[in-house]
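Q: Got query.cif for you, mmCIF, C-alpha atoms:
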data_protein
#
loop_
_atom_site.label_atom_id
_atom_site.label_comp_id
_atom_site.auth_asym_id
_atom_site.auth_seq_id
_atom_site.Cartn_x
_atom_site.Cartn_y
_atom_site.Cartn_z
CA MET V 99 0.00 0.00 0.00
CA SER V 100 1.42 3.37 -0.96
CA ASP V 101 1.72 5.72 2.00
CA ALA V 102 -0.50 8.39 0.49
CA ALA V 103 -3.24 5.94 -0.45
CA SER V 104 -2.99 4.30 2.95
CA ASP V 105 -3.37 7.67 4.68
CA ALA V 106 -6.31 8.63 2.48
CA ALA V 107 -8.04 5.31 3.15
CA ASN V 108 -7.54 5.59 6.88
CA LYS V 109 -8.51 9.23 7.19
CA GLY V 110 -11.48 8.99 4.84
CA GLY V 111 -9.82 11.31 2.31
CA GLU V 112 -10.47 11.52 -1.41
CA LEU V 113 -9.18 9.70 -4.44
CA THR V 114 -8.53 11.58 -7.66
CA VAL V 115 -9.66 9.31 -10.48
CA ARG V 116 -8.98 10.02 -14.16
CA VAL V 117 -11.38 8.03 -16.31
CA TRP V 118 -11.29 7.66 -20.09
CA ARG V 119 -14.49 9.09 -21.62
CA GLY V 120 -15.26 8.56 -25.29
CA ALA V 121 -14.32 5.86 -27.77
CA GLU V 122 -11.13 5.82 -29.87
CA VAL V 123 -11.31 9.59 -29.70
CA GLY V 124 -11.96 10.95 -26.26
CA ALA V 125 -10.35 12.49 -23.20
CA PHE V 126 -9.82 11.83 -19.53
CA ALA V 127 -12.41 13.19 -17.10
CA THR V 128 -11.38 13.63 -13.47
CA TYR V 129 -13.63 12.63 -10.57
CA LEU V 130 -13.11 12.92 -6.83
CA VAL V 131 -14.47 9.96 -4.87
CA PRO V 132 -14.22 9.13 -1.18
CA ALA V 133 -11.30 6.91 -0.28
CA ARG V 134 -12.45 3.97 1.80
CA ALA V 135 -10.72 1.04 3.41
CA ASN V 136 -11.13 -2.23 1.47
CA GLN V 137 -12.12 -0.55 -1.77
CA THR V 138 -11.55 -2.15 -5.17
CA VAL V 139 -11.03 -0.29 -8.42
CA LEU V 140 -14.38 -1.68 -9.61
CA ASP V 141 -16.01 -0.17 -6.49
CA VAL V 142 -14.52 3.20 -7.45
CA VAL V 143 -15.76 2.97 -11.05
CA THR V 144 -19.23 1.96 -9.79
CA GLU V 145 -19.24 4.88 -7.37
CA ILE V 146 -18.38 7.26 -10.21
CA GLN V 147 -21.21 5.87 -12.33
CA ARG V 148 -23.75 6.06 -9.49
CA TYR V 149 -22.93 9.49 -8.12
CA HIS V 150 -20.98 11.43 -10.77
CA ALA V 151 -21.48 10.14 -14.31
CA PRO V 152 -24.59 7.95 -14.80
CA ASP V 153 -23.74 7.61 -18.50
CA LEU V 154 -20.33 6.02 -17.81
CA ALA V 155 -20.06 2.76 -19.76
CA TYR V 156 -18.15 -0.13 -18.22
CA ARG V 157 -18.52 -3.88 -18.01
CA PHE V 158 -18.69 -6.21 -15.03
CA ALA V 159 -20.72 -9.19 -13.83
CA CYS V 160 -19.61 -11.38 -10.93
CA ARG V 161 -17.48 -8.89 -8.94
CA VAL V 162 -15.46 -11.76 -7.46
CA GLY V 163 -12.86 -12.68 -10.08
CA VAL V 164 -14.72 -15.47 -11.80
CA CYS V 165 -16.26 -14.04 -14.96
CA GLY V 166 -13.32 -12.01 -16.29
CA SER V 167 -15.47 -9.21 -17.68
CA CYS V 168 -14.27 -6.22 -15.63
CA ALA V 169 -10.66 -6.03 -16.87
CA MET V 170 -9.42 -2.48 -17.49
CA THR V 171 -6.14 -0.62 -17.61
CA VAL V 172 -5.38 0.80 -14.17
CA ASN V 173 -2.43 3.17 -13.89
CA GLY V 174 -1.09 1.77 -17.15
CA VAL V 175 -1.35 -1.91 -16.20
CA PRO V 176 -4.11 -4.30 -17.36
CA ARG V 177 -5.92 -5.71 -14.34
CA TRP V 178 -9.10 -7.33 -13.06
CA THR V 179 -10.68 -4.31 -11.41
CA CYS V 180 -12.85 -6.41 -9.08
CA ARG V 181 -9.81 -8.06 -7.48
CA THR V 182 -7.57 -5.01 -7.47
CA HIS V 183 -7.60 -3.11 -4.20
CA VAL V 184 -7.14 0.62 -4.60
CA SER V 185 -4.62 0.60 -1.77
CA ARG V 186 -2.38 -1.65 -3.88
CA VAL V 187 -2.31 0.50 -7.01
CA ALA V 188 -3.14 4.12 -6.15
CA LYS V 189 -0.20 6.48 -6.44
CA ALA V 190 -0.47 9.49 -4.12
CA GLY V 191 -4.23 8.99 -3.94
CA ALA V 192 -4.60 9.03 -7.74
CA LEU V 193 -5.89 6.45 -10.20
CA THR V 194 -6.08 6.46 -13.99
CA VAL V 195 -8.60 4.03 -15.46
CA GLU V 196 -8.76 3.25 -19.18
CA PRO V 197 -10.21 0.46 -21.31
CA LEU V 198 -8.02 -2.52 -22.14
CA ARG V 199 -5.25 -1.98 -24.66
CA ASN V 200 -5.19 -3.75 -28.06
CA LEU V 201 -8.97 -3.93 -28.43
CA PRO V 202 -11.32 -1.46 -30.16
CA ARG V 203 -12.88 0.98 -27.72
CA ILE V 204 -16.70 1.02 -27.81
CA ARG V 205 -17.37 3.68 -25.20
CA ASP V 206 -15.64 4.86 -22.04
CA LEU V 207 -14.24 1.77 -20.27
CA ALA V 208 -15.96 -0.86 -22.42
CA CYS V 209 -14.00 -2.35 -25.29
CA ASP V 210 -15.09 -4.67 -28.08
CA MET V 211 -14.05 -8.21 -27.15
CA ALA V 212 -15.00 -9.65 -30.57
CA PRO V 213 -11.46 -9.56 -32.06
CA PHE V 214 -10.18 -11.34 -28.94
CA PHE V 215 -12.65 -14.20 -29.30
CA ASP V 216 -12.20 -14.29 -33.10
CA LYS V 217 -8.51 -14.99 -32.52
CA TRP V 218 -9.37 -17.61 -29.93
CA LYS V 219 -11.43 -19.40 -32.59
CA ALA V 220 -8.78 -18.84 -35.28
CA ALA V 221 -6.25 -20.63 -33.07
CA GLY V 222 -8.44 -23.74 -33.23
CA GLY V 223 -9.71 -23.18 -29.71
CA ARG V 224 -12.92 -25.16 -30.15
CA PHE V 225 -12.88 -28.59 -28.47
CA GLU V 226 -13.84 -31.41 -30.80
CA GLY V 227 -14.69 -34.62 -29.07
CA GLY V 228 -15.81 -37.91 -30.52
CA ALA V 229 -17.70 -39.42 -27.59
CA THR V 230 -21.47 -39.78 -27.46
CA ARG V 231 -23.89 -39.91 -24.53
CA ALA V 232 -23.64 -43.68 -24.69
CA ASP V 233 -19.89 -43.68 -24.04
CA LEU V 234 -18.36 -43.79 -20.61
CA PRO V 235 -16.40 -40.68 -19.61
CA ALA V 236 -12.84 -40.81 -20.92
CA ALA V 237 -10.38 -42.21 -18.39
CA VAL V 238 -7.67 -39.56 -18.34
CA ASP V 239 -4.76 -40.01 -15.96
CA PRO V 240 -4.57 -36.69 -14.08
CA ALA V 241 -0.88 -37.27 -13.37
CA SER V 242 0.14 -37.79 -17.01
CA PRO V 243 2.49 -35.09 -18.36
CA LYS V 244 0.03 -34.17 -21.13
CA ARG V 245 -2.88 -33.74 -18.75
CA ARG V 246 -0.75 -31.70 -16.39
CA ALA V 247 0.25 -29.45 -19.29
CA ALA V 248 -3.41 -29.06 -20.24
CA ASP V 249 -4.39 -28.36 -16.63
CA ALA V 250 -1.88 -25.51 -16.46
CA GLY V 251 -3.92 -23.52 -18.97
CA ILE V 252 -7.45 -24.74 -18.35
CA GLU V 253 -8.23 -22.11 -15.70
CA CYS V 254 -8.12 -19.24 -18.22
CA ILE V 255 -11.33 -17.20 -17.97
CA ASN V 256 -10.73 -15.08 -21.08
CA CYS V 257 -10.46 -11.74 -19.32
CA ALA V 258 -8.07 -10.54 -22.09
CA VAL V 259 -5.59 -9.06 -19.59
CA CYS V 260 -2.75 -10.99 -21.29
CA HIS V 261 -3.95 -9.84 -24.73
CA ALA V 262 -3.85 -6.23 -23.52
CA ALA V 263 -0.43 -6.66 -21.89
CA CYS V 264 1.23 -8.14 -25.00
CA ASP V 265 3.28 -5.83 -27.21
CA VAL V 266 3.34 -8.33 -30.08
CA VAL V 267 -0.48 -8.14 -30.24
CA ALA V 268 -0.08 -4.36 -30.55
CA TRP V 269 2.64 -4.63 -33.22
CA ASP V 270 1.32 -7.50 -35.34
CA ALA V 271 -2.40 -7.50 -36.24
CA GLU V 272 -2.15 -11.12 -37.37
CA TYR V 273 -0.75 -12.43 -34.06
CA LEU V 274 -3.26 -14.69 -32.32
CA GLY V 275 -2.20 -13.57 -28.87
CA PRO V 276 -1.34 -15.30 -25.61
CA ALA V 277 -4.83 -16.38 -24.54
CA ALA V 278 -5.68 -18.00 -27.88
CA LEU V 279 -2.33 -19.80 -28.02
CA LEU V 280 -2.60 -20.98 -24.42
CA ARG V 281 -6.01 -22.41 -25.34
CA ALA V 282 -4.39 -24.16 -28.32
CA TRP V 283 -1.69 -25.57 -25.99
CA THR V 284 -4.41 -26.87 -23.67
CA LEU V 285 -6.19 -28.60 -26.54
CA VAL V 286 -3.15 -30.19 -28.17
CA ASN V 287 -2.44 -31.78 -24.79
CA ASP V 288 -6.03 -32.96 -24.32
CA GLU V 289 -6.12 -36.58 -25.42
CA ARG V 290 -9.90 -36.36 -26.03
CA HIS V 291 -9.50 -33.54 -28.60
CA LEU V 292 -9.86 -35.07 -32.07
CA ALA V 293 -8.64 -32.05 -34.06
CA ARG V 294 -5.26 -32.01 -32.35
CA ARG V 295 -3.24 -31.80 -35.56
CA ALA V 296 -5.47 -29.05 -37.00
CA THR V 297 -5.08 -27.04 -33.79
CA LEU V 298 -1.30 -27.50 -33.88
CA ASP V 299 -1.18 -26.48 -37.56
CA ARG V 300 -3.00 -23.24 -36.75
CA ALA V 301 -0.76 -22.57 -33.78
CA MET V 302 2.28 -23.12 -36.05
CA GLY V 303 0.88 -21.02 -38.88
CA PRO V 304 1.06 -17.29 -39.59
CA GLY V 305 0.45 -15.22 -36.45
CA GLY V 306 0.99 -18.33 -34.34
CA CYS V 307 3.49 -19.32 -31.66
CA ALA V 308 6.54 -18.37 -33.76
CA SER V 309 5.50 -14.71 -33.55
CA CYS V 310 5.88 -14.64 -29.76
CA HIS V 311 8.99 -12.70 -28.65
CA THR V 312 8.98 -14.16 -25.12
CA GLN V 313 8.57 -10.76 -23.52
CA GLY V 314 6.62 -12.43 -20.70
CA SER V 315 4.10 -9.62 -20.14
CA CYS V 316 1.24 -12.13 -20.36
CA MET V 317 2.63 -14.23 -17.52
CA ALA V 318 3.60 -11.16 -15.51
CA HIS V 319 0.06 -9.77 -15.59
CA CYS V 320 -2.23 -12.83 -15.74
CA PRO V 321 -4.51 -12.38 -12.71
CA VAL V 322 -5.00 -16.15 -12.39
CA GLY V 323 -1.24 -16.73 -12.34
CA LEU V 324 -1.22 -18.71 -15.59
CA SER V 325 1.76 -18.62 -17.93
CA PRO V 326 0.75 -18.28 -21.58
CA THR V 327 4.46 -17.78 -22.33
CA GLU V 328 5.09 -21.32 -21.08
CA GLY V 329 2.26 -22.71 -23.21
CA ILE V 330 3.55 -20.85 -26.28
CA ALA V 331 7.07 -22.20 -25.62
CA GLY V 332 5.51 -25.67 -25.46
CA LEU V 333 3.84 -25.07 -28.83
CA LYS V 334 7.18 -23.95 -30.28
CA ARG V 335 8.82 -27.18 -29.06
CA MET V 336 5.93 -29.25 -30.37
CA SER V 337 6.03 -27.57 -33.79
CA LEU V 338 9.79 -28.04 -34.00
CA ALA V 339 9.36 -31.73 -33.19
CA ALA V 340 6.52 -32.00 -35.73
CA MET V 341 8.70 -30.40 -38.40
CA PHE V 342 11.82 -32.51 -37.88
CA LEU V 343 10.56 -35.73 -36.36
CA GLY V 344 7.01 -35.87 -37.70
CA ASP V 345 3.89 -35.51 -35.59
CA ARG V 346 3.93 -37.68 -32.49
CA MET N 16 9.17 2.50 -19.56
CA ARG N 17 5.40 2.06 -19.73
CA PRO N 18 4.11 0.37 -16.57
CA HIS N 19 2.91 -2.87 -18.22
CA ARG N 20 6.45 -3.45 -19.55
CA ASN N 21 8.22 -2.86 -16.28
CA HIS N 22 9.05 -6.43 -15.28
CA ARG N 23 12.19 -8.59 -15.44
CA ALA N 24 11.28 -10.69 -18.48
CA TYR N 25 10.62 -7.55 -20.55
CA TRP N 26 13.92 -6.00 -19.46
CA ALA N 27 15.62 -9.23 -20.55
CA PHE N 28 13.82 -9.05 -23.92
CA LEU N 29 15.01 -5.45 -24.36
CA GLY N 30 18.58 -6.33 -23.33
CA HIS N 31 18.73 -9.23 -25.77
CA ARG N 32 17.08 -7.38 -28.65
CA LEU N 33 18.93 -4.07 -28.31
CA SER N 34 22.32 -5.74 -27.82
CA GLY N 35 21.61 -7.82 -30.93
CA LEU N 36 20.72 -4.72 -32.95
CA ALA N 37 23.83 -2.88 -31.78
CA LEU N 38 26.02 -5.88 -32.67
CA ALA N 39 24.36 -6.14 -36.10
CA LEU N 40 25.12 -2.45 -36.71
CA PHE N 41 28.75 -3.05 -35.70
CA LEU N 42 29.18 -6.09 -37.95
CA PRO N 43 29.76 -4.17 -41.26
CA PHE N 44 32.55 -2.17 -39.56
CA HIS N 45 34.03 -5.42 -38.30
CA PHE N 46 34.12 -6.81 -41.85
CA LEU N 47 35.53 -3.51 -43.11
CA ALA N 48 38.37 -3.83 -40.57
CA LEU N 49 38.98 -7.44 -41.63
CA GLY N 50 39.12 -6.26 -45.24
CA LEU N 51 42.02 -3.97 -44.33
CA ALA N 52 44.16 -7.08 -43.86
CA LEU N 53 44.52 -7.17 -47.65
CA GLU N 54 46.77 -4.11 -47.35
CA ALA N 55 49.34 -4.48 -44.55
CA ALA N 56 50.05 -0.74 -44.03
CA ALA N 57 46.35 0.13 -43.74
CA LEU N 58 45.84 -2.67 -41.23
CA ASP N 59 48.80 -1.47 -39.14
CA ARG N 60 47.39 2.09 -39.09
CA PHE N 61 44.00 0.70 -38.04
CA LEU N 62 45.51 -1.46 -35.28
CA ALA N 63 47.44 1.53 -33.95
CA TRP N 64 44.16 3.45 -33.84
CA THR N 65 42.50 0.66 -31.84
CA ASP N 66 45.15 1.15 -29.13
CA LEU N 67 43.68 4.57 -28.28
CA GLY N 68 41.96 4.64 -24.89
CA MET N 69 38.57 5.72 -26.20
CA VAL N 70 38.57 2.95 -28.79
CA LYS N 71 39.45 0.41 -26.10
CA LEU N 72 36.52 1.72 -24.06
CA ALA N 73 34.21 1.31 -27.05
CA GLU N 74 35.60 -2.20 -27.46
CA TRP N 75 34.67 -2.86 -23.83
CA GLY N 76 31.11 -1.90 -24.77
CA LEU N 77 31.19 -4.44 -27.59
CA VAL N 78 32.47 -7.18 -25.29
CA VAL N 79 29.72 -6.47 -22.74
CA LEU N 80 27.04 -6.40 -25.46
CA LEU N 81 28.30 -9.67 -26.91
CA ALA N 82 28.35 -11.38 -23.51
CA LEU N 83 24.90 -9.98 -22.62
CA HIS N 84 23.49 -11.19 -25.92
CA LEU N 85 25.02 -14.61 -25.30
CA PHE N 86 23.65 -15.04 -21.76
CA PHE N 87 20.16 -13.66 -22.49
CA GLY N 88 20.08 -15.70 -25.71
CA LEU N 89 20.99 -18.88 -23.80
CA ARG N 90 18.10 -18.19 -21.44
CA LEU N 91 15.75 -17.88 -24.42
CA LEU N 92 17.02 -21.12 -25.96
CA VAL N 93 16.50 -22.96 -22.67
CA LEU N 94 13.02 -21.42 -22.29
CA GLU N 95 11.96 -22.45 -25.76
CA LEU N 96 13.65 -25.83 -26.07
CA ARG N 97 13.37 -27.25 -22.55
CA PRO N 98 10.34 -27.85 -20.33
CA TRP N 99 9.62 -25.32 -17.56
CA PRO N 100 9.91 -27.26 -14.28
CA GLY N 101 7.25 -25.88 -11.95
CA GLY N 102 6.50 -23.06 -14.40
CA ASP N 103 10.00 -21.62 -13.93
CA ALA N 104 10.52 -18.82 -16.49
CA ARG N 105 14.22 -18.66 -15.51
CA LEU N 106 13.69 -15.10 -14.31
CA GLY N 107 16.43 -15.84 -11.80
CA TRP N 108 18.92 -16.10 -14.67
CA ILE N 109 18.49 -12.52 -15.82
CA VAL N 110 20.41 -10.56 -13.18
CA PRO N 111 23.24 -13.14 -12.96
CA GLY N 112 23.43 -13.03 -16.79
CA LEU N 113 23.85 -9.26 -16.66
CA ALA N 114 26.40 -9.57 -13.84
CA ALA N 115 28.39 -12.21 -15.77
CA ALA N 116 28.44 -9.94 -18.85
CA LEU N 117 29.83 -7.10 -16.71
CA VAL N 118 32.44 -9.41 -15.17
CA ILE N 119 33.58 -10.44 -18.66
CA GLY N 120 33.74 -6.74 -19.55
CA GLY N 121 35.85 -6.16 -16.44
CA VAL N 122 38.26 -8.96 -17.40
CA PHE N 123 38.61 -7.36 -20.85
CA LEU N 124 39.37 -3.97 -19.29
CA ILE N 125 42.05 -5.49 -17.03
CA GLY N 126 43.68 -7.08 -20.07
CA ALA N 127 43.31 -3.95 -22.22
CA PHE N 128 44.99 -1.39 -19.94
#
Would you mind giving the structure from this file in structure tokens?
A:
Amino acid sequence: MSDAASDAANKGGELTVRVWRGAEVGAFATYLVPARANQTVLDVVTEIQRYHAPDLAYRFACRVGVCGSCAMTVNGVPRWTCRTHVSRVAKAGALTVEPLRNLPRIRDLACDMAPFFDKWKAAGGRFEGGATRADLPAAVDPASPKRRAADAGIECINCAVCHAACDVVAWDAEYLGPAALLRAWTLVNDERHLARRATLDRAMGPGGCASCHTQGSCMAHCPVGLSPTEGIAGLKRMSLAAMFLGDR
Amino acid sequence: MRPHRNHRAYWAFLGHRLSGLALALFLPFHFLALGLALEAAALDRFLAWTDLGMVKLAEWGLVVLLALHLFFGLRLLVLELRPWPGGDARLGWIVPGLAAALVIGGVFLIGAF
């Protein structure tokens, strides 16, 4: 907790909050809101909408870090706003809140998630199983290396924080991005997935794993603590093996 | 540095990429110097010039960049070709890699002066 924010929270002072208003073209508006103990950034945005700017557009649902819909850029860093305490990020009692980077801005703090999910699909992120209702559930050994690799990425909730943190997404419009490639890594390690080779081909193709520069911003900022960089490195190894040794 | 980039892995990316670019820019001058060997007098004049203190200092910069590029590049190769035990991104290799590059630079300086 920064000293200033801590003081403000304890003394019931005020927070100075700069909020992006507009779409691609817009400007920051500044609001003063009461600083409270145990206050999240989402609480602050909600307070602004209720008492200062009823037309402020933003997105949230669960408020407890499950749905992944409230991600925004807070003081220059992409974060889940519902799980980000003001005391952890405020600098001298000030916050700057913007929509996520690397996605089109619809209005104020809401961005268009369609390109994010389009890339997720383009990476072959759709599970294709072959079992029917009549089949018994697949017996998958939870300790097998493949299942453990799949488990490492399965908790992704598609909040797009990694997508916003990644510079390669910003530089290369074709790049599928860390979330989509982590999904691909999960699927190529899922022994029930029938389209494994097709998913690997897409992950190896243009805009795929080879475009990653291993900057590590996705793993540094993932609020769930996942490591898309690790999954992408796994895809690189798998594609190298597929190229030289044939698909195994 | 924009806040979302301010973490160790990004600094390592910058160190590796910028040292690589600087070395690539130096490479044509390196080949030019090698080309001087075709004419003994020109090469001798060039070698005398490289004995100047400022040139030695610039050479120290080259040695450090080369060593930094080597150590950060080795980290990348390990990251991309080997599994990550326990999700280890080898972030702990970054500062020692920088330190080792500076030590190598120091050894060069001791030998140069």
Q: When you look at Met69 of chain N with a cut-off of 12 Å (counting only C-alpha atoms), what residues show up, excluding the ones that are within fewer than 5 positions of it in the same chain? I need them as a ChimeraX atom specification.
A: /N:64,74-76,124,127-128
Q: With C-alpha atoms retained, export the selected residues as a PDB file, keeping the file's coordinate frame.
A:
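Saved to out-v4.pdb:
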ATOM      1  CA  TRP N  64      44.160   3.450 -33.840  1.00  0.00           C
ATOM      2  CA  GLU N  74      35.600  -2.200 -27.460  1.00  0.00           C
ATOM      3  CA  TRP N  75      34.670  -2.860 -23.830  1.00  0.00           C
ATOM      4  CA  GLY N  76      31.110  -1.900 -24.770  1.00  0.00           C
ATOM      5  CA  LEU N 124      39.370  -3.970 -19.290  1.00  0.00           C
ATOM      6  CA  ALA N 127      43.310  -3.950 -22.220  1.00  0.00           C
ATOM      7  CA  PHE N 128      44.990  -1.390 -19.940  1.00  0.00           C
TER       8      PHE N 128
END
Q: Between chain V and chain N, at 9 Å or less, what are the per-residue closest atom pairs and their distances in Å? Count all atoms listed in the file, order by chain and rising residue number, and return it as a tab-separated table.
A:
residue	atom	partner	partner_atom	distance
V:Asn173	CA	N:Pro18	CA	7.6
V:Gly174	CA	N:Pro18	CA	5.4
V:Val175	CA	N:His19	CA	4.8
V:Pro176	CA	N:His19	CA	7.2
V:Ala250	CA	N:Gly102	CA	9.0
V:Ala263	CA	N:His19	CA	6.2
V:Cys264	CA	N:His19	CA	8.8
V:Asp265	CA	N:Arg20	CA	8.6
V:His311	CA	N:Phe28	CA	7.7
V:Thr312	CA	N:Phe28	CA	7.1
V:Gln313	CA	N:Tyr25	CA	4.8
V:Gly314	CA	N:Ala24	CA	5.4
V:Ser315	CA	N:Arg20	CA	6.6
V:Ala318	CA	N:His22	CA	7.2
V:His319	CA	N:His19	CA	7.9
V:Leu324	CA	N:Gly102	CA	8.9
V:Ser325	CA	N:Gly102	CA	7.4
V:Thr327	CA	N:Ala104	CA	8.5
V:Glu328	CA	N:Trp99	CA	7.0
V:Ile330	CA	N:Glu95	CA	8.6
V:Ala331	CA	N:Glu95	CA	4.9
V:Gly332	CA	N:Glu95	CA	7.2
V:Lys334	CA	N:Glu95	CA	6.7
V:Arg335	CA	N:Leu96	CA	5.8
Q: Calculate, to one decimal in Å, the centre and edge lengths of the box along x, y and z of the file that holds all listed atoms of segment 193-196 of chain V with 4 Å of margin on each side, and present them as lines of an AutoDock Vina configuration file.
A:
center_x = -7.3
center_y = 4.9
center_z = -14.7
size_x = 10.9
size_y = 11.2
size_z = 17.0
Q: Mind telling me what the PyMOL selection byres ((chain N and resi 83) around 10) catches here, as a list in words?
A: Ala27, Gly30, His31, Ser34, Gly35, Leu77, Val78, Val79, Leu80, Leu81, Ala82, His84, Leu85, Phe86, Phe87, Gly88, Leu89, Ile109, Gly112, Leu113, Ala114, Ala115, Ala116, Leu117, Ile119 and Gly120 of chain N
Q: What would the file look like if the residues just selected were written as a PDB file, keeping the file's coordinate frame with C-alpha atoms?
A:
ATOM      1  CA  ALA N  27      15.620  -9.230 -20.550  1.00  0.00           C
ATOM      2  CA  GLY N  30      18.580  -6.330 -23.330  1.00  0.00           C
ATOM      3  CA  HIS N  31      18.730  -9.230 -25.770  1.00  0.00           C
ATOM      4  CA  SER N  34      22.320  -5.740 -27.820  1.00  0.00           C
ATOM      5  CA  GLY N  35      21.610  -7.820 -30.930  1.00  0.00           C
ATOM      6  CA  LEU N  77      31.190  -4.440 -27.590  1.00  0.00           C
ATOM      7  CA  VAL N  78      32.470  -7.180 -25.290  1.00  0.00           C
ATOM      8  CA  VAL N  79      29.720  -6.470 -22.740  1.00  0.00           C
ATOM      9  CA  LEU N  80      27.040  -6.400 -25.460  1.00  0.00           C
ATOM     10  CA  LEU N  81      28.300  -9.670 -26.910  1.00  0.00           C
ATOM     11  CA  ALA N  82      28.350 -11.380 -23.510  1.00  0.00           C
ATOM     12  CA  HIS N  84      23.490 -11.190 -25.920  1.00  0.00           C
ATOM     13  CA  LEU N  85      25.020 -14.610 -25.300  1.00  0.00           C
ATOM     14  CA  PHE N  86      23.650 -15.040 -21.760  1.00  0.00           C
ATOM     15  CA  PHE N  87      20.160 -13.660 -22.490  1.00  0.00           C
ATOM     16  CA  GLY N  88      20.080 -15.700 -25.710  1.00  0.00           C
ATOM     17  CA  LEU N  89      20.990 -18.880 -23.800  1.00  0.00           C
ATOM     18  CA  ILE N 109      18.490 -12.520 -15.820  1.00  0.00           C
ATOM     19  CA  GLY N 112      23.430 -13.030 -16.790  1.00  0.00           C
ATOM     20  CA  LEU N 113      23.850  -9.260 -16.660  1.00  0.00           C
ATOM     21  CA  ALA N 114      26.400  -9.570 -13.840  1.00  0.00           C
ATOM     22  CA  ALA N 115      28.390 -12.210 -15.770  1.00  0.00           C
ATOM     23  CA  ALA N 116      28.440  -9.940 -18.850  1.00  0.00           C
ATOM     24  CA  LEU N 117      29.830  -7.100 -16.710  1.00  0.00           C
ATOM     25  CA  ILE N 119      33.580 -10.440 -18.660  1.00  0.00           C
ATOM     26  CA  GLY N 120      33.740  -6.740 -19.550  1.00  0.00           C
TER      27      GLY N 120
END
Q: Once the PyMOL selection byres ((chain V and resi 193) around 9) is applied to the coordinates I shared, what remains selected? I want it as a compact mmCIF listing (two decimals) with C-alpha atoms, keeping the file's coordinate frame.
A:
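File result.txt, as written:
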# COMPACT_ATOMS: atom_id res chain seq x y z
CA LEU V 113 -9.18 9.70 -4.44
CA THR V 114 -8.53 11.58 -7.66
CA VAL V 115 -9.66 9.31 -10.48
CA ARG V 116 -8.98 10.02 -14.16
CA VAL V 117 -11.38 8.03 -16.31
CA VAL V 139 -11.03 -0.29 -8.42
CA VAL V 172 -5.38 0.80 -14.17
CA ASN V 173 -2.43 3.17 -13.89
CA VAL V 184 -7.14 0.62 -4.60
CA VAL V 187 -2.31 0.50 -7.01
CA ALA V 188 -3.14 4.12 -6.15
CA LYS V 189 -0.20 6.48 -6.44
CA ALA V 190 -0.47 9.49 -4.12
CA GLY V 191 -4.23 8.99 -3.94
CA ALA V 192 -4.60 9.03 -7.74
CA THR V 194 -6.08 6.46 -13.99
CA VAL V 195 -8.60 4.03 -15.46
Q: Around (-11.8, -12.7, -35.5), as given in the file, which residues come within 12 Å? Count only C-alpha atoms and list them as a PyMOL selection string.
A: chain V and resi 201+210-222+271-275+278
Q: Using only C-alpha atoms, please write the residues we just selected to a file, as a tab-separated table (two decimals), in the frame of the given file.
A:
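result_3.tsv written:
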chain	number	residue	atom	x	y	z
V	201	LEU	CA	-8.97	-3.93	-28.43
V	210	ASP	CA	-15.09	-4.67	-28.08
V	211	MET	CA	-14.05	-8.21	-27.15
V	212	ALA	CA	-15.00	-9.65	-30.57
V	213	PRO	CA	-11.46	-9.56	-32.06
V	214	PHE	CA	-10.18	-11.34	-28.94
V	215	PHE	CA	-12.65	-14.20	-29.30
V	216	ASP	CA	-12.20	-14.29	-33.10
V	217	LYS	CA	-8.51	-14.99	-32.52
V	218	TRP	CA	-9.37	-17.61	-29.93
V	219	LYS	CA	-11.43	-19.40	-32.59
V	220	ALA	CA	-8.78	-18.84	-35.28
V	221	ALA	CA	-6.25	-20.63	-33.07
V	222	GLY	CA	-8.44	-23.74	-33.23
V	271	ALA	CA	-2.40	-7.50	-36.24
V	272	GLU	CA	-2.15	-11.12	-37.37
V	273	TYR	CA	-0.75	-12.43	-34.06
V	274	LEU	CA	-3.26	-14.69	-32.32
V	275	GLY	CA	-2.20	-13.57	-28.87
V	278	ALA	CA	-5.68	-18.00	-27.88
Q: Find the distance between atom CA of Tyr149 of chain V and atom CA of Thr128 of chain V and write it in Å to one decimal.
A: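 Atom CA of Thr128 of chain V lies at a distance of 13.4 Å from atom CA of Tyr149 of chain V.
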Q: Quick one, how far is atom CA of Leu292 of chain V from atom CA of Leu279 of chain V?
A: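 These two atoms are separated by 17.5 Å.
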Q: For a test of reading the model, state the distance in Å between atom CA of Pro326 of chain V and atom CA of Leu280 of chain V, rounded to one decimal.
A: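 Separation of atom CA of Pro326 of chain V and atom CA of Leu280 of chain V: 5.2 Å.
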Q: Near Arg300 of chain V, within 10 Å and counting only C-alpha atoms, which residues show up once chain neighbours fewer than 2 positions away are dropped, as a list in words?
A: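 Contacts, with the query itself left out: Ala220, Ala221, Gly222, Gly223, Leu274, Leu279, Ala282, Arg295, Ala296, Thr297, Leu298, Met302, Gly303, Pro304, Gly305, Gly306 and Cys307 of chain V.
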Q: Which residues would end up in the selection if the PyMOL selection byres ((chain V and resi 156) around 9) were applied here, given that I need the answer as number ranges by chain?
A: V: 143-144, 147, 154-155, 157-158, 168, 197, 205-209
Q: Find the residue from V:Gly124, V:Pro240, V:Gly163, V:Gly329 that sits nearest to Ala301 of chain V; use all atoms listed in the file when measuring.
A: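 Using all atoms listed in the file, Ala301 of chain V sits closest to V:Gly329.
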Q: From the set V:Ser309, V:Asn200, V:Thr179, V:Ser337, which residue has the shortest atom-to-atom contact distance to Pro321 of chain V, counting all atoms listed in the file?
A: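 Checking each of V:Ser309, V:Asn200, V:Thr179, V:Ser337 against Pro321 of chain V, counting all atoms listed in the file, the winner is V:Thr179.
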